[in-house]
Number of protein chains: 2
Amino acid sequence: MKNNIRITLEYDGSRYDGWQKQGNTDNTIQGKLENVLFRMSGEEIEVHGSGRTDAGVHARGQVANFHINAEICPDGEAAREYLNRYLPDDIRVLSAKIVPERFHSRLSAISKTYGYYVETGDKKNVFERKYVYGCGKKLDVKAMRQAAEFLIGEHDFKSFCANRRMKKSTVRRIDEIRIVEHGTKLEFLYTGNGFLYNMVRILTGTLLEVGSGTRRPEKMKEIIAAKNRDMAGRTAPPEGLFLLHVGYEGERETV
Amino acid sequence: MKNNIRITLEYDGSRYDGWQKQGNTDNTIQGKLENVLFRMSGEEIEVHGSGRTDAGVHARGQVANFHINAEICPDGEAAREYLNRYLPDDIRVLSAKIVPERFHSRLSAISKTYGYYVETGDKKNVFERKYVYGCGKKLDVKAMRQAAEFLIGEHDFKSFCANRRMKKSTVRRIDEIRIVEHGTKLEFLYTGNGFLYNMVRILTGTLLEVGSGTRRPEKMKEIIAAKNRDMAGRTAPPEGLFLLHVGYEGERETV
């Protein structure tokens with residue numbers, strides 16, 4: 001018999017090639033998890049993530065699940081302990097539990113929240129160099145909030161998708177974009193039903209161009225309508241991005 | 001003509017062999033600074049730090065000074081800009097200015113403040129793994145504060161010095177030890193006229209043993225009187241330690 005184990009984990013993505021396993025290299029979060037689960041069970045176990053994160057992107061609340069022999073892993077705590085003992089110290093399982101067979105961390109997810117962190121002051125703290133994007137200039141927060149309003153709701157976000165040959169639907173729904181000021185630091189919080197490849201970083205890069213005055217807020221309407229990646233702004237760098245929360249049916253939002 | 005330049009800098013000590021240059025390797029903060037100054041001036045320039053920091057120890061307010069050709073470096077801003085352009089991104093000059101010829105960052109210093117950070121909860125955040133010591137147990141803060149009281153004032157701190165063959169005086173004055181609670185995190189703030197080799201880490205390690213109940217606070221008196229390193233507690237690990245501030249005559253304390 002197998003148990004379906006759901007884990008919530010955090011990781012510092014700085015030294016990894018992102019979430020998804022790539023060929024023979026295992027310098028990925030998924031690869032590290034699968035290595036430890038092979039050690040634990042003697043079997044090749046596939047770990048399903050709620051979604052990929054790019055190289056250098058971090059997570060405070062990534063969710064993943066996997067099926068494992070119930071005798072070897074009788075409960076969530078056994079998985080959490082074993083994984084935390086053998087995972088590198090920049091990946092940590094926060095919680096683990098047995099979930100129904102049908103649960104799939106990606107297919108069952110109904111919402112995601114990402115945070116993007118920007119330092120607008122000229123001094124970027126050395127301790128935050130891997131966790132905050134230092135844009136180094138004052139930004140017009142009011143203009144960025146106006147621009148963000150145009151993004152709320154269900155739209156075809158093809159202009160904000162790095163994969164130009166995306167065959168599947170590029171329609172997504174953004175429920176909320178909050179821009180919170182902490183001194184000279186800005187926190188961009190995005191919640192929606194799903195995000196395309198690089199979408200949060202392109203949204204942020206475009207909002208930053210509004211904030212620095214090179215685009216007007218209303219321009220957002222045109223960018224969405226164009227369905228053309230070239231119309232949107234630059235892709236903001238990975239280090240400022242954190243996957244904060246993945247929401248599932250019947251669960252209270254905690255971010 | 002030479003200018004005497006005083007710099008205040010911060011660094012993430014995680015990947016360095018400490019402040020002080022060692023033989024041929026230059027994997028030290030001092031070595032990195034001297035390399036850039038050689039590039040700037042074409043001359044071997046010695047950088048004097050206010051004190052050494054060990055491998056893995058960080059600084060938010062280290063002070064150093066050096067003498068450099070006044071034509072090449074006419075003011076502090078020239079030094080700050082050049083250094084920040086060529087230093088690795090985990091070392092950053094916060095400010096730089098011309099100071100009188102007689103200023104020496106170590107000999108002129110009259111006080112130092114260190115911070116030591118401890119996580120007492122069982123979950124150590126992956127983003128803080130290089131900046132906080134995860135002791136993983138609840139501590140009796142009141143007992144640690146009582147113990148700290150015995151350390152205040154001028155004492156021979158030989159029991160708290162890692163260098164057992166220290167020939168110079170091991171008498172130092174501690175002006176203040178504050179233990180501040182931030183949720184499950186503890187901040188130990190030490191201010192004094194100077195600290196011996198590993199002294200802050202041994203003081204912290206000893207206080208943690210009081211906090212976990214393995215030593216009584218009054219034991220501190222005996223430990224000091226013994227003048228024997230074996231009587232004190234373990235050396236707390238380097239990653240929790242930050243040099244926060246170096247004080248000089250006539251300057252307002254800012255930490």
# chains A, B, ... in the order shown; residues from 1 in each chain; ligands from 1
>>> interface_residues(of="chain A", to="chain B", cutoff="7 Å", atoms="only C-alpha atoms", output="MDAnalysis selection string")
chainID A and resid 11:12 89:92 126:127
>>> write_last_selection(atoms="C-alpha atoms", output="PDB file, in the first residue's frame")
ATOM      1  CA  TYR A  11      13.887  26.823   0.006  1.00  0.00           C
ATOM      2  CA  ASP A  12      16.553  29.326  -0.816  1.00  0.00           C
ATOM      3  CA  ASP A  89      20.278  23.110   4.661  1.00  0.00           C
ATOM      4  CA  ASP A  90      18.753  25.486   2.112  1.00  0.00           C
ATOM      5  CA  ILE A  91      15.705  23.266   1.604  1.00  0.00           C
ATOM      6  CA  ARG A  92      13.398  22.545   4.518  1.00  0.00           C
ATOM      7  CA  VAL A 126      24.694  42.731   1.492  1.00  0.00           C
ATOM      8  CA  PHE A 127      22.564  40.349   3.564  1.00  0.00           C
TER       9      PHE A 127
END
>>> residues_around(residues="Ile179 of chain A", least_positions_apart="5", cutoff="7 Å", atoms="only C-alpha atoms", output="PyMOL selection string")
chain A and resi 145+186-189
>>> write_last_selection(atoms="C-alpha atoms", output="mmCIF file, in the first residue's frame")
data_model
loop_
_atom_site.group_PDB
_atom_site.id
_atom_site.type_symbol
_atom_site.label_atom_id
_atom_site.label_comp_id
_atom_site.auth_asym_id
_atom_site.auth_seq_id
_atom_site.Cartn_x
_atom_site.Cartn_y
_atom_site.Cartn_z
ATOM 1 C CA ARG A 145 -1.154 50.711 -8.112
ATOM 2 C CA LEU A 186 8.517 47.496 -1.724
ATOM 3 C CA GLU A 187 6.617 44.237 -1.498
ATOM 4 C CA PHE A 188 4.505 43.207 -4.493
ATOM 5 C CA LEU A 189 1.944 40.538 -3.554
#
>>> closest_atom_pairs(of="segment 135-156 of chain A", to="segment 107-120 of chain A", cutoff="9 Å", atoms="only C-alpha atoms", output="Markdown table")
| residue | atom | partner | partner_atom | distance |
| --- | --- | --- | --- | --- |
| A:Cys135 | CA | A:Thr120 | CA | 5.6 |
| A:Gly136 | CA | A:Thr120 | CA | 4.8 |
| A:Lys137 | CA | A:Thr120 | CA | 4.9 |
| A:Lys138 | CA | A:Thr120 | CA | 5.4 |
| A:Leu139 | CA | A:Thr120 | CA | 7.1 |
>>> select_by_dssp(residues="segment 1-230 of chain A", states="strand (DSSP E)", output="ChimeraX atom specification")
/A:2-11,48-49,58-69,91-99,109-119,133-134,153-156,171-182,185-192
>>> closest_residue(among="B:Val200, B:Val132, B:Ile7, B:Ile45", to="Ala96 of chain B", atoms="only C-alpha atoms")
B:Ile7
>>> closest_residue(among="A:Asn84, A:Asn35, A:Asn65, A:Ser14", to="Glu239 of chain A", atoms="only C-alpha atoms")
A:Ser14
>>> residues_around(residues="Gly205 of chain A", least_positions_apart="4", cutoff="9 Å", atoms="only C-alpha atoms", output="VMD selection string")
chain A and resid 200 to 201 209 to 210 232 to 237
>>> closest_residue(among="A:Thr214, A:Gln62, A:Gln30, A:Asn193", to="Ser105 of chain A", atoms="only C-alpha atoms")
A:Gln62
>>> select_by_dssp(residues="segment 5-228 of chain A", states="helix (DSSP H, G or I)", output="number ranges by chain")
A: 13-15, 29-41, 76-86, 126-128, 141-149, 158-160, 199-211, 219-226
>>> write_last_selection(atoms="C-alpha atoms", output="tab-separated table (two decimals), in the first residue's frame")
chain	number	residue	atom	x	y	z
A	13	GLY	CA	16.69	28.97	-4.60
A	14	SER	CA	19.98	30.90	-4.97
A	15	ARG	CA	22.21	27.96	-5.85
A	29	ILE	CA	14.81	21.20	-5.75
A	30	GLN	CA	12.77	18.34	-7.20
A	31	GLY	CA	15.97	16.35	-7.82
A	32	LYS	CA	17.19	16.84	-4.24
A	33	LEU	CA	13.84	15.69	-2.84
A	34	GLU	CA	13.71	12.63	-5.09
A	35	ASN	CA	17.27	11.65	-4.14
A	36	VAL	CA	16.39	11.64	-0.46
A	37	LEU	CA	13.17	9.71	-1.08
A	38	PHE	CA	15.13	7.11	-3.06
A	39	ARG	CA	17.46	6.78	-0.10
A	40	MET	CA	14.48	6.42	2.23
A	41	SER	CA	12.47	3.91	0.19
A	76	GLY	CA	3.71	12.71	7.51
A	77	GLU	CA	6.06	13.14	10.45
A	78	ALA	CA	8.23	10.23	9.26
A	79	ALA	CA	8.61	11.91	5.87
A	80	ARG	CA	9.30	15.33	7.36
A	81	GLU	CA	11.96	14.05	9.73
A	82	TYR	CA	13.73	11.91	7.16
A	83	LEU	CA	13.70	14.60	4.50
A	84	ASN	CA	14.97	17.30	6.86
A	85	ARG	CA	17.75	15.03	8.06
A	86	TYR	CA	19.14	14.44	4.56
A	126	VAL	CA	24.69	42.73	1.49
A	127	PHE	CA	22.56	40.35	3.56
A	128	GLU	CA	19.62	40.79	1.20
A	141	VAL	CA	3.81	53.69	-6.02
A	142	LYS	CA	0.50	55.39	-6.83
A	143	ALA	CA	1.10	54.98	-10.57
A	144	MET	CA	2.05	51.32	-10.09
A	145	ARG	CA	-1.15	50.71	-8.11
A	146	GLN	CA	-3.17	52.31	-10.91
A	147	ALA	CA	-1.43	50.11	-13.46
A	148	ALA	CA	-2.01	47.01	-11.33
A	149	GLU	CA	-5.77	47.65	-11.38
A	158	LYS	CA	0.08	36.04	-23.35
A	159	SER	CA	2.00	39.35	-23.31
A	160	PHE	CA	3.35	38.36	-19.89
A	199	MET	CA	4.61	35.86	-15.58
A	200	VAL	CA	5.17	37.33	-12.10
A	201	ARG	CA	8.62	38.57	-13.05
A	202	ILE	CA	7.34	40.16	-16.29
A	203	LEU	CA	4.37	41.73	-14.46
A	204	THR	CA	6.79	43.16	-11.89
A	205	GLY	CA	9.25	44.37	-14.52
A	206	THR	CA	6.42	46.14	-16.33
A	207	LEU	CA	5.06	47.71	-13.13
A	208	LEU	CA	8.58	48.92	-12.28
A	209	GLU	CA	8.71	50.69	-15.64
A	210	VAL	CA	5.43	52.40	-14.75
A	211	GLY	CA	6.87	53.28	-11.34
A	219	LYS	CA	-0.62	51.44	-21.10
A	220	MET	CA	-1.42	48.16	-19.32
A	221	LYS	CA	-4.69	47.82	-21.26
A	222	GLU	CA	-2.85	47.93	-24.57
A	223	ILE	CA	-0.18	45.54	-23.40
A	224	ILE	CA	-2.76	42.93	-22.39
A	225	ALA	CA	-4.71	43.40	-25.62
A	226	ALA	CA	-1.60	42.97	-27.79
>>> atom_distance(atom1="atom CA of Arg52 of chain B", atom2="atom CA of Gln20 of chain B")
6.0 Å
>>> atom_distance(atom1="atom CA of Phe66 of chain B", atom2="atom CA of Glu46 of chain B")
6.2 Å
